[in-house]
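Undergrad: For reference, this is query_20.cif, and it has mmCIF, C-alpha atoms (C1' of nucleotides).
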```cif
data_my_file
loop_
_atom_site.label_atom_id
_atom_site.label_comp_id
_atom_site.auth_asym_id
_atom_site.auth_seq_id
_atom_site.Cartn_x
_atom_site.Cartn_y
_atom_site.Cartn_z
CA MET A 5 6.97 8.82 193.25
CA THR A 6 8.09 6.24 195.73
CA MET A 7 11.77 6.20 196.52
CA SER A 8 12.59 2.60 197.16
CA ASN A 9 15.91 2.19 195.41
CA HIS A 10 17.58 0.93 198.54
CA LEU A 11 20.53 -1.45 198.45
CA GLU A 12 19.50 -4.97 199.27
CA HIS A 13 20.54 -8.59 199.25
CA SER A 14 22.00 -8.73 195.74
CA PHE A 15 24.20 -5.71 196.41
CA PHE A 16 25.66 -7.18 199.59
CA ASN A 17 25.87 -10.76 198.33
CA ARG A 18 29.34 -10.25 196.85
CA PRO A 19 32.92 -10.43 198.16
CA VAL A 20 33.22 -8.05 201.09
CA LEU A 21 36.02 -5.98 199.56
CA GLU A 22 33.93 -5.33 196.46
CA VAL A 23 30.97 -4.27 198.54
CA ALA A 24 33.21 -2.00 200.61
CA GLU A 25 34.36 -0.10 197.54
CA ASP A 26 30.79 0.43 196.38
CA LEU A 27 29.36 1.28 199.78
CA ILE A 28 31.79 4.15 200.39
CA GLY A 29 29.94 7.29 199.40
CA ALA A 30 26.54 5.59 199.61
CA ARG A 31 23.92 6.81 202.06
CA LEU A 32 22.98 5.37 205.41
CA ILE A 33 19.39 6.16 206.26
CA LYS A 34 18.01 5.99 209.78
CA ASP A 35 14.40 7.05 210.30
CA GLY A 36 14.64 9.60 207.50
CA ARG A 37 18.05 10.91 208.49
CA GLU A 38 20.48 10.56 205.60
CA LEU A 39 24.24 10.37 205.99
CA THR A 40 27.05 9.73 203.51
CA ILE A 41 29.20 6.77 204.46
CA THR A 42 32.79 7.88 204.84
CA GLU A 43 34.55 5.05 206.62
CA LEU A 44 34.27 1.25 206.63
CA GLU A 45 36.27 -1.75 207.73
CA ALA A 46 36.03 -5.17 206.09
CA TYR A 47 36.12 -8.44 208.04
CA ASP A 48 36.59 -11.27 205.62
CA GLY A 49 35.75 -14.79 206.62
CA PRO A 50 37.03 -17.45 209.02
CA SER A 51 40.68 -17.11 208.03
CA ASP A 52 40.71 -13.37 208.87
CA LEU A 53 42.03 -13.43 212.44
CA ALA A 54 40.54 -10.00 213.11
CA CYS A 55 37.08 -11.25 212.19
CA HIS A 56 35.00 -12.42 215.14
CA ALA A 57 34.02 -15.48 213.11
CA SER A 58 37.65 -16.66 212.94
CA LYS A 59 36.91 -18.34 216.28
CA GLY A 60 33.98 -20.18 214.80
CA CYS A 61 30.25 -19.89 214.71
CA THR A 62 28.85 -18.97 218.11
CA GLU A 63 25.61 -17.50 219.33
CA ARG A 64 27.06 -14.05 218.78
CA THR A 65 28.68 -14.53 215.37
CA ARG A 66 25.92 -16.63 213.86
CA VAL A 67 24.38 -13.67 212.07
CA MET A 68 27.55 -13.28 209.97
CA TYR A 69 27.02 -16.79 208.62
CA GLY A 70 23.56 -15.88 207.44
CA ALA A 71 22.23 -13.96 204.47
CA ALA A 72 23.91 -10.80 203.17
CA GLY A 73 22.25 -7.46 203.78
CA VAL A 74 21.51 -8.16 207.45
CA PHE A 75 22.88 -6.09 210.33
CA TYR A 76 25.35 -7.49 212.85
CA VAL A 77 25.28 -5.27 215.92
CA TYR A 78 27.23 -6.01 219.09
CA LEU A 79 28.37 -4.23 222.21
CA CYS A 80 32.04 -3.41 222.58
CA TYR A 81 33.91 -2.38 225.73
CA GLY A 82 30.68 -2.43 227.66
CA MET A 83 29.37 0.82 226.19
CA TYR A 84 29.53 1.09 222.43
CA TRP A 85 27.34 -0.57 219.84
CA MET A 86 29.16 -1.51 216.63
CA LEU A 87 27.12 -1.48 213.44
CA ASN A 88 28.07 -4.03 210.78
CA ILE A 89 26.38 -5.18 207.60
CA VAL A 90 26.76 -8.82 206.58
CA THR A 91 28.14 -9.50 203.10
CA GLY A 92 28.82 -12.47 200.86
CA PRO A 93 26.99 -15.77 200.46
CA ALA A 94 25.31 -17.50 203.40
CA GLY A 95 27.73 -19.79 205.16
CA TYR A 96 30.69 -17.46 204.59
CA PRO A 97 31.05 -15.11 207.59
CA ALA A 98 32.02 -11.62 206.44
CA ALA A 99 30.83 -8.14 207.30
CA LEU A 100 31.57 -4.44 207.02
CA LEU A 101 31.92 -2.31 210.13
CA ILE A 102 30.52 1.17 209.56
CA ARG A 103 32.99 3.48 211.27
CA GLY A 104 31.91 6.87 209.99
CA ALA A 105 29.06 8.65 208.19
CA GLY A 106 28.18 12.26 207.60
CA ASP A 107 30.46 14.25 209.85
CA ILE A 108 30.41 11.60 212.54
CA SER A 109 33.75 9.88 212.97
CA GLY A 110 34.01 6.74 215.10
CA PRO A 111 31.82 3.64 215.17
CA GLY A 112 30.68 4.11 218.76
CA LYS A 113 29.74 7.73 218.21
CA LEU A 114 27.86 6.86 215.04
CA THR A 115 25.54 4.37 216.70
CA LYS A 116 25.05 6.66 219.67
CA ALA A 117 24.17 9.60 217.41
CA LEU A 118 21.71 7.54 215.39
CA GLY A 119 20.20 5.67 218.32
CA ILE A 120 21.26 2.26 217.05
CA ASP A 121 21.53 -0.56 219.58
CA GLY A 122 21.41 -4.33 219.83
CA SER A 123 17.77 -4.45 218.83
CA TYR A 124 18.93 -3.98 215.23
CA ASN A 125 21.04 -7.13 215.34
CA ASN A 126 19.90 -9.75 212.85
CA ARG A 127 17.53 -7.36 211.08
CA PRO A 128 17.74 -6.79 207.32
CA ALA A 129 18.72 -3.39 205.92
CA ASP A 130 15.34 -2.34 204.61
CA PRO A 131 13.04 0.69 204.84
CA LYS A 132 10.73 -1.47 206.97
CA THR A 133 13.50 -1.76 209.54
CA GLY A 134 14.00 2.02 209.57
CA LEU A 135 17.69 1.53 208.85
CA TYR A 136 18.98 0.95 205.34
CA PHE A 137 21.24 2.13 202.53
CA THR A 138 20.76 3.90 199.22
CA PRO A 139 23.34 4.22 196.43
CA PRO A 140 25.24 7.46 195.90
CA GLU A 141 23.86 9.79 193.24
CA THR A 142 27.23 9.67 191.59
CA ARG A 143 29.77 7.06 192.54
CA PRO A 144 32.85 8.65 194.08
CA HIS A 145 35.91 8.50 191.88
CA LYS A 146 38.16 5.65 192.92
CA LYS A 147 40.95 8.11 193.55
CA LEU A 148 38.89 9.47 196.43
CA ILE A 149 38.80 6.11 198.17
CA GLN A 150 41.78 5.46 200.37
CA THR A 151 42.62 2.23 202.18
CA THR A 152 44.63 1.74 205.37
CA PRO A 153 45.10 -1.03 207.93
CA ARG A 154 42.21 -1.56 210.30
CA ILE A 155 42.03 0.05 213.72
CA GLY A 156 42.45 -1.79 217.00
CA VAL A 157 43.12 -5.26 215.64
CA SER A 158 46.79 -5.76 216.49
CA TYR A 159 45.81 -8.95 218.33
CA ALA A 160 45.17 -10.50 214.91
CA GLY A 161 48.89 -10.74 214.20
CA PRO A 162 50.98 -8.77 211.68
CA VAL A 163 49.58 -10.33 208.53
CA TRP A 164 45.92 -9.65 209.23
CA ALA A 165 46.41 -6.47 211.22
CA ASN A 166 48.22 -4.93 208.25
CA LYS A 167 45.70 -5.81 205.56
CA PRO A 168 44.41 -2.61 203.92
CA TYR A 169 40.82 -3.38 204.81
CA ARG A 170 39.86 0.06 206.12
CA TYR A 171 38.17 2.22 203.49
CA LEU A 172 38.02 5.99 203.72
CA LEU A 173 36.33 8.59 201.57
CA THR A 174 38.85 11.40 201.30
CA ALA A 175 37.67 14.98 201.01
CA GLY A 176 37.20 15.82 197.39
"C1'" DT B 29 47.88 6.88 228.99
"C1'" DA B 30 44.46 4.84 231.59
"C1'" DA B 31 40.12 3.64 232.91
"C1'" DG B 32 35.20 2.87 232.43
"C1'" DT B 33 31.87 -0.88 231.21
"C1'" DG B 34 29.26 -5.31 230.34
"C1'" DA B 35 28.42 -9.17 226.98
"C1'" DT B 36 30.74 -13.14 225.42
"C1'" DC B 37 33.77 -16.95 225.46
"C1'" DT B 38 36.84 -20.33 227.68
"C1'" DC B 39 38.10 -22.54 231.11
"C1'" DT B 40 36.59 -25.11 235.77
"C1'" DG C 21 30.78 -19.52 238.37
"C1'" DA C 22 35.36 -17.10 237.55
"C1'" DG C 23 38.48 -14.75 234.76
"C1'" DA C 24 40.18 -12.78 230.34
"C1'" DT C 25 39.13 -10.38 226.40
"C1'" DC C 26 37.35 -6.69 223.53
"C1'" DA C 27 36.39 -3.98 215.78
"C1'" DC C 28 35.95 2.38 221.70
"C1'" DT C 29 35.89 6.98 223.73
"C1'" DT C 30 37.01 10.56 226.73
"C1'" DA C 31 39.50 13.06 229.93
"C1'" DA C 32 44.10 14.16 231.31
#
```
Would you mind writing the file out in C-alpha coordinates?

TA:
Amino acid sequence: MTMSNHLEHSFFNRPVLEVAEDLIGARLIKDGRELTITELEAYDGPSDLACHASKGCTERTRVMYGAAGVFYVYLCYGMYWMLNIVTGPAGYPAALLIRGAGDISGPGKLTKALGIDGSYNNRPADPKTGLYFTPPETRPHKKLIQTTPRIGVSYAGPVWANKPYRYLLTAG
DNA sequence: TAAGTGATCTCT
DNA sequence: GAGATCACTTAA
(Lines of atoms letter the chains of each structure in order from A and count residues from 1; the text may use other names and numbers.)
(Lines give C-alpha, C1' and ligand atoms only; values in the text may rest on other atoms or scores of the structure.)
Protein backbone atom coordinates (compact mmCIF):
# COMPACT_ATOMS: atom_id res chain seq x y z
CA MET A 1 0.00 0.00 0.00
CA THR A 2 1.09 3.54 -0.55
CA MET A 3 2.50 5.33 2.45
CA SER A 4 1.48 8.90 2.04
CA ASN A 5 0.47 9.89 5.55
CA HIS A 6 2.87 12.79 5.59
CA LEU A 7 2.25 15.90 7.66
CA GLU A 8 1.03 18.76 5.54
CA HIS A 9 -0.52 22.19 5.55
CA SER A 10 -3.28 21.54 8.09
CA PHE A 11 -0.79 20.13 10.60
CA PHE A 12 1.50 23.15 10.38
CA ASN A 13 -1.26 25.75 10.10
CA ARG A 14 -1.56 26.12 13.88
CA PRO A 15 0.20 28.18 16.57
CA VAL A 16 3.91 27.41 16.39
CA LEU A 17 4.18 26.19 19.98
CA GLU A 18 1.42 23.65 19.39
CA VAL A 19 3.10 22.39 16.27
CA ALA A 20 6.42 22.16 18.11
CA GLU A 21 4.95 19.85 20.73
CA ASP A 22 3.49 17.57 18.09
CA LEU A 23 6.51 17.59 15.80
CA ILE A 24 8.91 16.37 18.49
CA GLY A 25 9.19 12.63 17.99
CA ALA A 26 7.86 12.81 14.43
CA ARG A 27 10.00 11.69 11.51
CA LEU A 28 11.97 13.80 9.09
CA ILE A 29 12.33 12.05 5.76
CA LYS A 30 14.97 12.99 3.22
CA ASP A 31 15.18 10.88 0.06
CA GLY A 32 14.08 7.77 1.94
CA ARG A 33 16.25 8.39 4.98
CA GLU A 34 14.12 8.54 8.11
CA LEU A 35 15.13 10.32 11.30
CA THR A 36 13.29 11.02 14.55
CA ILE A 37 13.10 14.70 15.37
CA THR A 38 14.71 15.33 18.74
CA GLU A 39 15.21 19.07 18.94
CA LEU A 40 13.33 22.14 17.72
CA GLU A 41 13.23 25.86 18.34
CA ALA A 42 10.13 28.01 17.85
CA TYR A 43 10.23 31.52 16.38
CA ASP A 44 6.91 33.15 16.95
CA GLY A 45 5.88 36.15 14.94
CA PRO A 46 6.90 39.80 14.54
CA SER A 47 6.98 40.57 18.26
CA ASP A 48 9.50 37.77 18.94
CA LEU A 49 12.78 39.69 18.82
CA ALA A 50 14.70 36.49 18.12
CA CYS A 51 12.61 35.83 15.03
CA HIS A 52 14.13 37.12 11.80
CA ALA A 53 10.73 38.52 10.87
CA SER A 54 10.76 40.87 13.88
CA LYS A 55 12.64 43.25 11.59
CA GLY A 56 9.89 43.09 9.01
CA CYS A 57 9.19 41.34 5.78
CA THR A 58 12.24 41.32 3.53
CA GLU A 59 13.32 39.28 0.56
CA ARG A 60 14.81 36.75 2.95
CA THR A 61 12.01 36.48 5.51
CA ARG A 62 9.15 36.59 3.04
CA VAL A 63 8.73 32.83 3.06
CA MET A 64 7.79 32.94 6.76
CA TYR A 65 4.84 35.17 5.88
CA GLY A 66 3.55 32.60 3.43
CA ALA A 67 1.69 29.33 3.81
CA ALA A 68 2.45 26.85 6.59
CA GLY A 69 4.24 23.64 5.74
CA VAL A 70 6.87 25.33 3.57
CA PHE A 71 10.61 25.22 4.29
CA TYR A 72 12.58 28.32 5.24
CA VAL A 73 16.26 27.60 4.63
CA TYR A 74 18.99 30.20 5.05
CA LEU A 75 22.75 30.34 5.40
CA CYS A 76 24.21 31.24 8.77
CA TYR A 77 27.77 32.31 9.57
CA GLY A 78 28.73 31.81 5.97
CA MET A 79 28.77 28.01 6.16
CA TYR A 80 25.73 26.42 7.73
CA TRP A 81 22.29 25.97 6.27
CA MET A 82 19.47 26.25 8.82
CA LEU A 83 16.35 24.21 8.15
CA ASN A 84 13.05 25.71 9.30
CA ILE A 85 9.44 24.80 8.65
CA VAL A 86 6.89 27.61 8.42
CA THR A 87 3.88 27.40 10.74
CA GLY A 88 0.68 29.30 11.40
CA PRO A 89 -1.63 31.20 9.05
CA ALA A 90 -0.31 33.10 6.04
CA GLY A 91 0.59 36.64 6.99
CA TYR A 92 1.83 35.63 10.45
CA PRO A 93 5.59 34.95 10.29
CA ALA A 94 6.49 31.97 12.47
CA ALA A 95 8.67 28.91 11.99
CA LEU A 96 10.36 26.00 13.70
CA LEU A 97 14.11 25.53 13.43
CA ILE A 98 15.02 21.85 13.28
CA ARG A 99 18.09 21.53 15.47
CA GLY A 100 18.42 17.79 15.83
CA ALA A 101 17.16 14.49 14.38
CA GLY A 102 18.22 10.90 14.72
CA ASP A 103 21.56 10.99 16.47
CA ILE A 104 22.57 14.21 14.77
CA SER A 105 22.79 17.12 17.18
CA GLY A 106 23.14 20.66 15.84
CA PRO A 107 21.25 22.42 13.05
CA GLY A 108 24.30 22.95 10.85
CA LYS A 109 25.39 19.34 11.13
CA LEU A 110 21.89 18.13 10.37
CA THR A 111 21.62 19.94 7.06
CA LYS A 112 25.16 18.95 6.13
CA ALA A 113 24.47 15.28 6.91
CA LEU A 114 21.25 15.27 4.91
CA GLY A 115 22.54 17.36 2.02
CA ILE A 116 20.03 20.16 2.55
CA ASP A 117 20.87 23.59 1.16
CA GLY A 118 19.25 26.79 0.00
CA SER A 119 17.59 25.08 -2.93
CA TYR A 120 14.99 23.78 -0.48
CA ASN A 121 14.00 27.28 0.57
CA ASN A 122 10.38 28.08 -0.23
CA ARG A 123 9.54 24.48 -1.10
CA PRO A 124 6.65 22.65 0.59
CA ALA A 125 7.30 19.66 2.84
CA ASP A 126 6.00 16.95 0.55
CA PRO A 127 7.19 13.60 -0.82
CA LYS A 128 7.49 15.31 -4.21
CA THR A 129 10.11 17.62 -2.73
CA GLY A 130 12.06 14.66 -1.33
CA LEU A 131 11.96 16.25 2.12
CA TYR A 132 8.95 15.90 4.40
CA PHE A 133 7.59 14.73 7.74
CA THR A 134 5.53 11.80 8.95
CA PRO A 135 3.84 11.48 12.36
CA PRO A 136 5.34 9.32 15.08
CA GLU A 137 3.92 5.82 15.40
CA THR A 138 3.14 6.61 18.99
CA ARG A 139 3.21 10.15 20.25
CA PRO A 140 5.92 10.62 22.87
CA HIS A 141 4.60 11.11 26.37
CA LYS A 142 4.58 14.77 27.28
CA LYS A 143 6.87 14.04 30.18
CA LEU A 144 9.56 13.19 27.65
CA ILE A 145 9.40 16.64 26.08
CA GLN A 146 11.57 19.18 27.79
CA THR A 147 11.72 22.91 27.06
CA THR A 148 14.61 25.31 27.59
CA PRO A 149 15.55 28.79 26.38
CA ARG A 150 16.73 29.01 22.79
CA ILE A 151 20.38 28.89 21.81
CA GLY A 152 22.37 31.84 20.53
CA VAL A 153 19.67 34.50 20.74
CA SER A 154 20.91 36.68 23.59
CA TYR A 155 20.73 39.66 21.24
CA ALA A 156 16.94 39.40 21.49
CA GLY A 157 16.98 40.79 25.03
CA PRO A 158 16.22 39.01 28.31
CA VAL A 159 12.49 38.57 27.79
CA TRP A 160 12.66 36.83 24.44
CA ALA A 161 16.00 35.12 24.97
CA ASN A 162 14.58 33.41 28.06
CA LYS A 163 11.35 32.14 26.55
CA PRO A 164 11.24 28.33 26.80
CA TYR A 165 10.89 27.90 23.06
CA ARG A 166 13.46 25.14 22.62
CA TYR A 167 11.92 21.66 22.60
CA LEU A 168 13.90 18.53 23.35
CA LEU A 169 12.99 14.88 23.27
CA THR A 170 14.62 13.41 26.35
CA ALA A 171 15.86 9.84 26.31
CA GLY A 172 13.09 7.58 27.42
C1' DT B 1 37.87 31.26 23.30
C1' DA B 2 38.40 32.62 18.77
C1' DA B 3 38.06 32.43 14.10
C1' DG B 4 36.27 30.96 9.66
C1' DT B 5 32.74 32.33 6.15
C1' DG B 6 29.33 34.69 2.99
C1' DA B 7 24.44 36.31 2.46
C1' DT B 8 21.66 39.95 4.09
C1' DC B 9 20.48 44.35 5.82
C1' DT B 10 21.37 49.23 6.90
C1' DC B 11 23.48 52.88 6.22
C1' DT B 12 25.90 56.21 2.53
C1' DG C 1 29.63 50.24 -2.18
C1' DA C 2 31.03 49.69 2.83
C1' DG C 3 30.42 47.89 7.25
C1' DA C 4 27.96 45.22 10.87
C1' DT C 5 25.54 41.30 11.96
C1' DC C 6 24.52 36.43 12.35
C1' DA C 7 19.03 30.83 14.98
C1' DC C 8 27.06 27.58 14.08
C1' DT C 9 30.99 24.48 14.47
C1' DT C 10 35.50 23.06 15.31
C1' DA C 11 39.94 23.16 17.03
C1' DA C 12 42.59 24.57 20.93

Undergrad: Find the residues near A:Arg66: any atom within 9 Å, counting only C-alpha atoms (C1' of nucleotides), skip ones fewer than 5 places away on the same chain, and give them as an NGL selection string.

TA: :A and (57 or 60-61 or 97)

Undergrad: Show me, as a PyMOL selection string, the residues of chain A whose atoms get within 7 Å of chain B, using only C-alpha atoms (C1' of nucleotides) for the distance check.

TA: chain A and resi 79+81-83

Undergrad: Output the residue selection produced by the PyMOL selection byres ((chain C) within 9 of (chain A)) on the file above, formatted as a PyMOL selection string.

TA: chain C and resi 26-29

Undergrad: Using Å and a single decimal, report how far atom CA of A:Asp130 sits from atom CA of A:Lys116.

TA: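 Separating atom CA of A:Lys116 from atom CA of A:Asp130 is a distance of 20.1 Å.
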
Undergrad: Find the spatial neighbours of A:Ala71, counting only C-alpha atoms (C1' of nucleotides), within a cut-off of 9 Å - ignore same-chain residues fewer than 2 positions away - and output them as an MDAnalysis selection string.

TA: chainID A and resid 13 17 67:69 73:74 90:95 128

Undergrad: Atom CA of A:Lys167 and atom CA of A:Asp48 are how many Å apart?

TA: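 According to the coordinates, atom CA of A:Lys167 and atom CA of A:Asp48 are separated by 10.6 Å.
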
Undergrad: Contacts of A:Leu172 at 7 Å or less, counting only C-alpha atoms (C1' of nucleotides), minus same-chain residues fewer than 4 places along, as an MDAnalysis selection string?

TA: chainID A and resid 42:44 149:151

Undergrad: Any idea what the distance is between atom CA of A:Tyr159 and atom CA of A:Asp52?

TA: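 Between atom CA of A:Tyr159 and atom CA of A:Asp52 the gap works out to 11.6 Å.
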
Undergrad: If you count all atoms listed in the file, which residues fall within 6 Å of A:Phe137, apart from same-chain ones fewer than 2 positions away, as a PyMOL selection string?

TA: chain A and resi 10-11+31-33

Undergrad: Mind working out the centre and edge lengths of an axis-aligned box for stretch 21-30 of chain C, all listed atoms inside, 8 Å added to each side, rounded to one decimal in Å and written as JSON?

TA:
```
{"center_x": 35.5, "center_y": -4.5, "center_z": 227.1, "size_x": 25.4, "size_y": 46.1, "size_z": 38.6}
```

Undergrad: Generate N, CA, C and O atoms for stretch 147-172 of chain A and emit them as a short mmCIF file (atom, residue, chain, number, x, y, z; two decimals), keeping the file's coordinate frame.

TA:
```cif
data_model
loop_
_atom_site.label_atom_id
_atom_site.label_comp_id
_atom_site.auth_asym_id
_atom_site.auth_seq_id
_atom_site.Cartn_x
_atom_site.Cartn_y
_atom_site.Cartn_z
N LYS A 147 39.81 7.41 192.96
CA LYS A 147 40.95 8.11 193.55
C LYS A 147 40.59 8.70 194.92
O LYS A 147 41.46 9.01 195.70
N LEU A 148 39.30 8.88 195.17
CA LEU A 148 38.89 9.47 196.43
C LEU A 148 38.74 8.43 197.53
O LEU A 148 38.48 8.76 198.68
N ILE A 149 38.88 7.16 197.17
CA ILE A 149 38.80 6.11 198.17
C ILE A 149 40.21 5.69 198.56
O ILE A 149 41.01 5.31 197.71
N GLN A 150 40.46 5.77 199.86
CA GLN A 150 41.78 5.46 200.37
C GLN A 150 41.65 4.23 201.27
O GLN A 150 40.63 4.06 201.92
N THR A 151 42.67 3.38 201.27
CA THR A 151 42.62 2.23 202.18
C THR A 151 43.81 2.29 203.13
O THR A 151 44.89 2.74 202.76
N THR A 152 43.58 1.82 204.35
CA THR A 152 44.63 1.74 205.37
C THR A 152 44.40 0.46 206.17
O THR A 152 43.35 -0.16 206.04
N PRO A 153 45.35 0.10 207.01
CA PRO A 153 45.10 -1.03 207.93
C PRO A 153 43.95 -0.71 208.88
O PRO A 153 43.65 0.46 209.13
N ARG A 154 43.34 -1.74 209.40
CA ARG A 154 42.21 -1.56 210.30
C ARG A 154 42.68 -1.11 211.69
O ARG A 154 43.84 -1.29 212.05
N ILE A 155 41.73 -0.52 212.42
CA ILE A 155 42.03 0.05 213.72
C ILE A 155 41.78 -0.98 214.83
O ILE A 155 40.78 -1.70 214.80
N GLY A 156 42.70 -1.03 215.78
CA GLY A 156 42.45 -1.79 217.00
C GLY A 156 42.43 -3.29 216.85
O GLY A 156 41.77 -3.98 217.61
N VAL A 157 43.15 -3.82 215.85
CA VAL A 157 43.12 -5.26 215.64
C VAL A 157 44.52 -5.88 215.68
O VAL A 157 44.78 -6.91 215.07
N SER A 158 45.41 -5.27 216.45
CA SER A 158 46.79 -5.76 216.49
C SER A 158 46.86 -7.20 217.01
O SER A 158 47.78 -7.95 216.69
N TYR A 159 45.85 -7.58 217.80
CA TYR A 159 45.81 -8.95 218.33
C TYR A 159 45.73 -9.99 217.21
O TYR A 159 45.98 -11.17 217.43
N ALA A 160 45.35 -9.56 216.02
CA ALA A 160 45.17 -10.50 214.91
C ALA A 160 46.49 -10.92 214.26
O ALA A 160 46.48 -11.74 213.35
N GLY A 161 47.61 -10.38 214.76
CA GLY A 161 48.89 -10.74 214.20
C GLY A 161 49.24 -9.84 213.03
O GLY A 161 48.35 -9.23 212.42
N PRO A 162 50.53 -9.74 212.68
CA PRO A 162 50.98 -8.77 211.68
C PRO A 162 50.32 -8.92 210.33
O PRO A 162 49.99 -7.91 209.69
N VAL A 163 50.12 -10.15 209.88
CA VAL A 163 49.58 -10.33 208.53
C VAL A 163 48.19 -9.73 208.41
O VAL A 163 47.92 -8.89 207.54
N TRP A 164 47.30 -10.10 209.34
CA TRP A 164 45.92 -9.65 209.23
C TRP A 164 45.74 -8.23 209.73
O TRP A 164 44.90 -7.49 209.21
N ALA A 165 46.53 -7.84 210.71
CA ALA A 165 46.41 -6.47 211.22
C ALA A 165 46.84 -5.46 210.17
O ALA A 165 46.38 -4.32 210.18
N ASN A 166 47.71 -5.87 209.24
CA ASN A 166 48.22 -4.93 208.25
C ASN A 166 47.46 -4.94 206.93
O ASN A 166 47.74 -4.14 206.04
N LYS A 167 46.50 -5.81 206.79
CA LYS A 167 45.70 -5.81 205.56
C LYS A 167 45.02 -4.46 205.38
O LYS A 167 44.48 -3.91 206.34
N PRO A 168 45.02 -3.94 204.17
CA PRO A 168 44.41 -2.61 203.92
C PRO A 168 42.90 -2.71 203.79
O PRO A 168 42.34 -2.41 202.75
N TYR A 169 42.25 -3.10 204.86
CA TYR A 169 40.82 -3.38 204.81
C TYR A 169 39.99 -2.24 205.38
O TYR A 169 38.79 -2.39 205.59
N ARG A 170 40.62 -1.11 205.66
CA ARG A 170 39.86 0.06 206.12
C ARG A 170 39.72 1.01 204.94
O ARG A 170 40.70 1.35 204.29
N TYR A 171 38.48 1.40 204.66
CA TYR A 171 38.17 2.22 203.49
C TYR A 171 37.73 3.60 203.94
O TYR A 171 36.83 3.73 204.77
N LEU A 172 38.35 4.62 203.36
CA LEU A 172 38.02 5.99 203.72
C LEU A 172 37.65 6.79 202.48
O LEU A 172 38.29 6.64 201.43
#
```
